[in-house]
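J.: Once you've had a glance at the structure underneath, I'll fire off some questions.
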Amino acid sequence: VDIAGSFPIDKVLLQWGNTNTNLSSLRILKAVRMLKLIRALKLMGILSKLQEKQGWAKFKQGLSLFKSMFAMGYTAHLMGCCFTMLIDEESPHEHWRVRYDPELEYQDNYHKYVAALYWACVTVSTIGYGDVQPVTHEERQFSSFVAIIGACVFSYGMGNITSQFSQNAGNSARFDGYLPVVTEWMSYRRISKEIQLYVKQHVYSVTRRSPNLFREQMILDTLPSSIRRTILEDI
């Protein structure tokens, strides 16, 4: 993959071939060069291994957030590059970039890349403003493909990010689920308002910090007696 992706075969053909070289064939060869982008996926494997290491436990949530954002950003970058490669140089006035901004054709590669990345981010995130539109049949086909892939990648990334924030608020979520049960029980038993207020004050001040919210006994029962004894001595 590294050799095929790094060798500038398109430039060699343009230098040594005739002037009638088929530009559509060169686009295929450029696609081969994009294979070197696959190397970036190795980072996902490295991050997963770091999450499993004991010394990196405190960075697990941060690594998970970074993985999710990297997956969305990498997908947008890859799709933006592919969308640019669909431009037919033989028909310079019939593609998405000219339809979006004709002046963009005379600007540098950075501005062209930003435009492609903007389209990819908007499409992958399922926002779809519609200001950058596919023009040719190939561009419409590719946009449909990106919309499907983008929905999957975006759902995966946002699901991971949401789960990380939910884990951070785990104790508060358990408490929020416990308080309504206590309130309903007191209403069912027709406990006076004064006592209900007293119980709620106790729940807010004591129960929120209680180990019972963690089902401490169940956790301890699943551990070997030697480890359980060590924990009880420590706390």
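Letters A, B, ... go to the chains of the structure tokens in the order shown; residues in each chain start at 1; ligands are counted from 1 in the same order.
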Write down as a count of residues only the residues of stretch 77-170 of chain A whose backbone DSSP state falls under helix (DSSP H, G or I).

T.: 68

J.: If we count only C-alpha atoms, what is near stretch 64-76 of chain A at a cut-off of 7 Å, once residues fewer than 5 positions away on the same chain are taken out, given as a PDB file with all heavy atoms, in the first residue's frame?

T.:
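Writing the result to selection14.pdb gives the following:
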ATOM      1  N   MET A  44      -6.220   4.512  14.902  1.00  0.00           N
ATOM      2  CA  MET A  44      -7.364   3.995  15.641  1.00  0.00           C
ATOM      3  C   MET A  44      -6.978   2.756  16.437  1.00  0.00           C
ATOM      4  O   MET A  44      -7.375   2.586  17.592  1.00  0.00           O
ATOM      5  CB  MET A  44      -8.506   3.682  14.675  1.00  0.00           C
ATOM      6  CG  MET A  44      -9.020   4.877  13.900  1.00  0.00           C
ATOM      7  SD  MET A  44      -9.927   6.053  14.920  1.00  0.00           S
ATOM      8  CE  MET A  44     -11.446   5.161  15.170  1.00  0.00           C
ATOM      9  N   LEU A 117     -13.741  20.139   1.878  1.00  0.00           N
ATOM     10  CA  LEU A 117     -13.891  19.677   3.258  1.00  0.00           C
ATOM     11  C   LEU A 117     -15.188  20.200   3.863  1.00  0.00           C
ATOM     12  O   LEU A 117     -15.872  19.486   4.625  1.00  0.00           O
ATOM     13  CB  LEU A 117     -12.697  20.132   4.094  1.00  0.00           C
ATOM     14  CG  LEU A 117     -12.664  19.652   5.549  1.00  0.00           C
ATOM     15  CD1 LEU A 117     -12.543  18.130   5.602  1.00  0.00           C
ATOM     16  CD2 LEU A 117     -11.504  20.303   6.303  1.00  0.00           C
ATOM     17  N   ALA A 120     -17.960  18.048   2.634  1.00  0.00           N
ATOM     18  CA  ALA A 120     -17.926  16.728   3.269  1.00  0.00           C
ATOM     19  C   ALA A 120     -18.429  16.792   4.711  1.00  0.00           C
ATOM     20  O   ALA A 120     -19.201  15.931   5.137  1.00  0.00           O
ATOM     21  CB  ALA A 120     -16.498  16.171   3.228  1.00  0.00           C
ATOM     22  N   CYS A 121     -18.001  17.815   5.462  1.00  0.00           N
ATOM     23  CA  CYS A 121     -18.442  17.938   6.855  1.00  0.00           C
ATOM     24  C   CYS A 121     -19.954  18.146   6.940  1.00  0.00           C
ATOM     25  O   CYS A 121     -20.631  17.544   7.782  1.00  0.00           O
ATOM     26  CB  CYS A 121     -17.719  19.102   7.537  1.00  0.00           C
ATOM     27  SG  CYS A 121     -15.971  18.819   7.849  1.00  0.00           S
ATOM     28  N   VAL A 124     -21.512  14.679   5.840  1.00  0.00           N
ATOM     29  CA  VAL A 124     -21.300  13.598   6.808  1.00  0.00           C
ATOM     30  C   VAL A 124     -22.098  13.837   8.082  1.00  0.00           C
ATOM     31  O   VAL A 124     -22.641  12.900   8.675  1.00  0.00           O
ATOM     32  CB  VAL A 124     -19.798  13.462   7.120  1.00  0.00           C
ATOM     33  CG1 VAL A 124     -19.568  12.553   8.309  1.00  0.00           C
ATOM     34  CG2 VAL A 124     -19.056  12.916   5.905  1.00  0.00           C
ATOM     35  N   VAL A 153     -21.198   6.901  10.179  1.00  0.00           N
ATOM     36  CA  VAL A 153     -20.024   7.397  10.907  1.00  0.00           C
ATOM     37  C   VAL A 153     -20.426   8.453  11.930  1.00  0.00           C
ATOM     38  O   VAL A 153     -19.953   8.452  13.071  1.00  0.00           O
ATOM     39  CB  VAL A 153     -18.988   7.965   9.916  1.00  0.00           C
ATOM     40  CG1 VAL A 153     -17.832   8.621  10.661  1.00  0.00           C
ATOM     41  CG2 VAL A 153     -18.466   6.872   9.008  1.00  0.00           C
ATOM     42  N   PHE A 154     -21.314   9.355  11.536  1.00  0.00           N
ATOM     43  CA  PHE A 154     -21.735  10.418  12.445  1.00  0.00           C
ATOM     44  C   PHE A 154     -22.506   9.838  13.635  1.00  0.00           C
ATOM     45  O   PHE A 154     -22.318  10.278  14.777  1.00  0.00           O
ATOM     46  CB  PHE A 154     -22.611  11.419  11.693  1.00  0.00           C
ATOM     47  CG  PHE A 154     -22.969  12.643  12.494  1.00  0.00           C
ATOM     48  CD1 PHE A 154     -22.017  13.618  12.744  1.00  0.00           C
ATOM     49  CD2 PHE A 154     -24.249  12.814  12.993  1.00  0.00           C
ATOM     50  CE1 PHE A 154     -22.335  14.745  13.479  1.00  0.00           C
ATOM     51  CE2 PHE A 154     -24.577  13.935  13.722  1.00  0.00           C
ATOM     52  CZ  PHE A 154     -23.621  14.913  13.970  1.00  0.00           C
ATOM     53  N   GLY A 157     -19.902   8.249  15.962  1.00  0.00           N
ATOM     54  CA  GLY A 157     -19.132   9.245  16.712  1.00  0.00           C
ATOM     55  C   GLY A 157     -19.954   9.934  17.776  1.00  0.00           C
ATOM     56  O   GLY A 157     -19.532  10.045  18.936  1.00  0.00           O
ATOM     57  N   ASN A 160     -20.739   7.613  20.734  1.00  0.00           N
ATOM     58  CA  ASN A 160     -19.620   7.463  21.669  1.00  0.00           C
ATOM     59  C   ASN A 160     -19.441   8.696  22.541  1.00  0.00           C
ATOM     60  O   ASN A 160     -19.201   8.592  23.749  1.00  0.00           O
ATOM     61  CB  ASN A 160     -18.326   7.194  20.897  1.00  0.00           C
ATOM     62  CG  ASN A 160     -18.237   5.766  20.418  1.00  0.00           C
ATOM     63  OD1 ASN A 160     -18.995   4.908  20.854  1.00  0.00           O
ATOM     64  ND2 ASN A 160     -17.320   5.497  19.510  1.00  0.00           N
ATOM     65  N   ILE A 161     -19.558   9.870  21.935  1.00  0.00           N
ATOM     66  CA  ILE A 161     -19.400  11.111  22.701  1.00  0.00           C
ATOM     67  C   ILE A 161     -20.495  11.230  23.751  1.00  0.00           C
ATOM     68  O   ILE A 161     -20.240  11.573  24.916  1.00  0.00           O
ATOM     69  CB  ILE A 161     -19.409  12.327  21.758  1.00  0.00           C
ATOM     70  CG1 ILE A 161     -18.166  12.304  20.850  1.00  0.00           C
ATOM     71  CG2 ILE A 161     -19.464  13.631  22.544  1.00  0.00           C
ATOM     72  CD1 ILE A 161     -18.161  13.380  19.792  1.00  0.00           C
TER      73      ILE A 161
END

J.: Quick one, how far is atom CA of A:Thr84 from atom CA of A:Glu139?

T.: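 Computing the Euclidean distance for atom CA of A:Thr84 and atom CA of A:Glu139 yields 9.5 Å.
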
J.: Using Å and a single decimal, report how far atom CA of A:Met79 sits from atom CA of A:Lys60.

T.: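 Interatomic distance, atom CA of A:Lys60 to atom CA of A:Met79: 28.5 Å.
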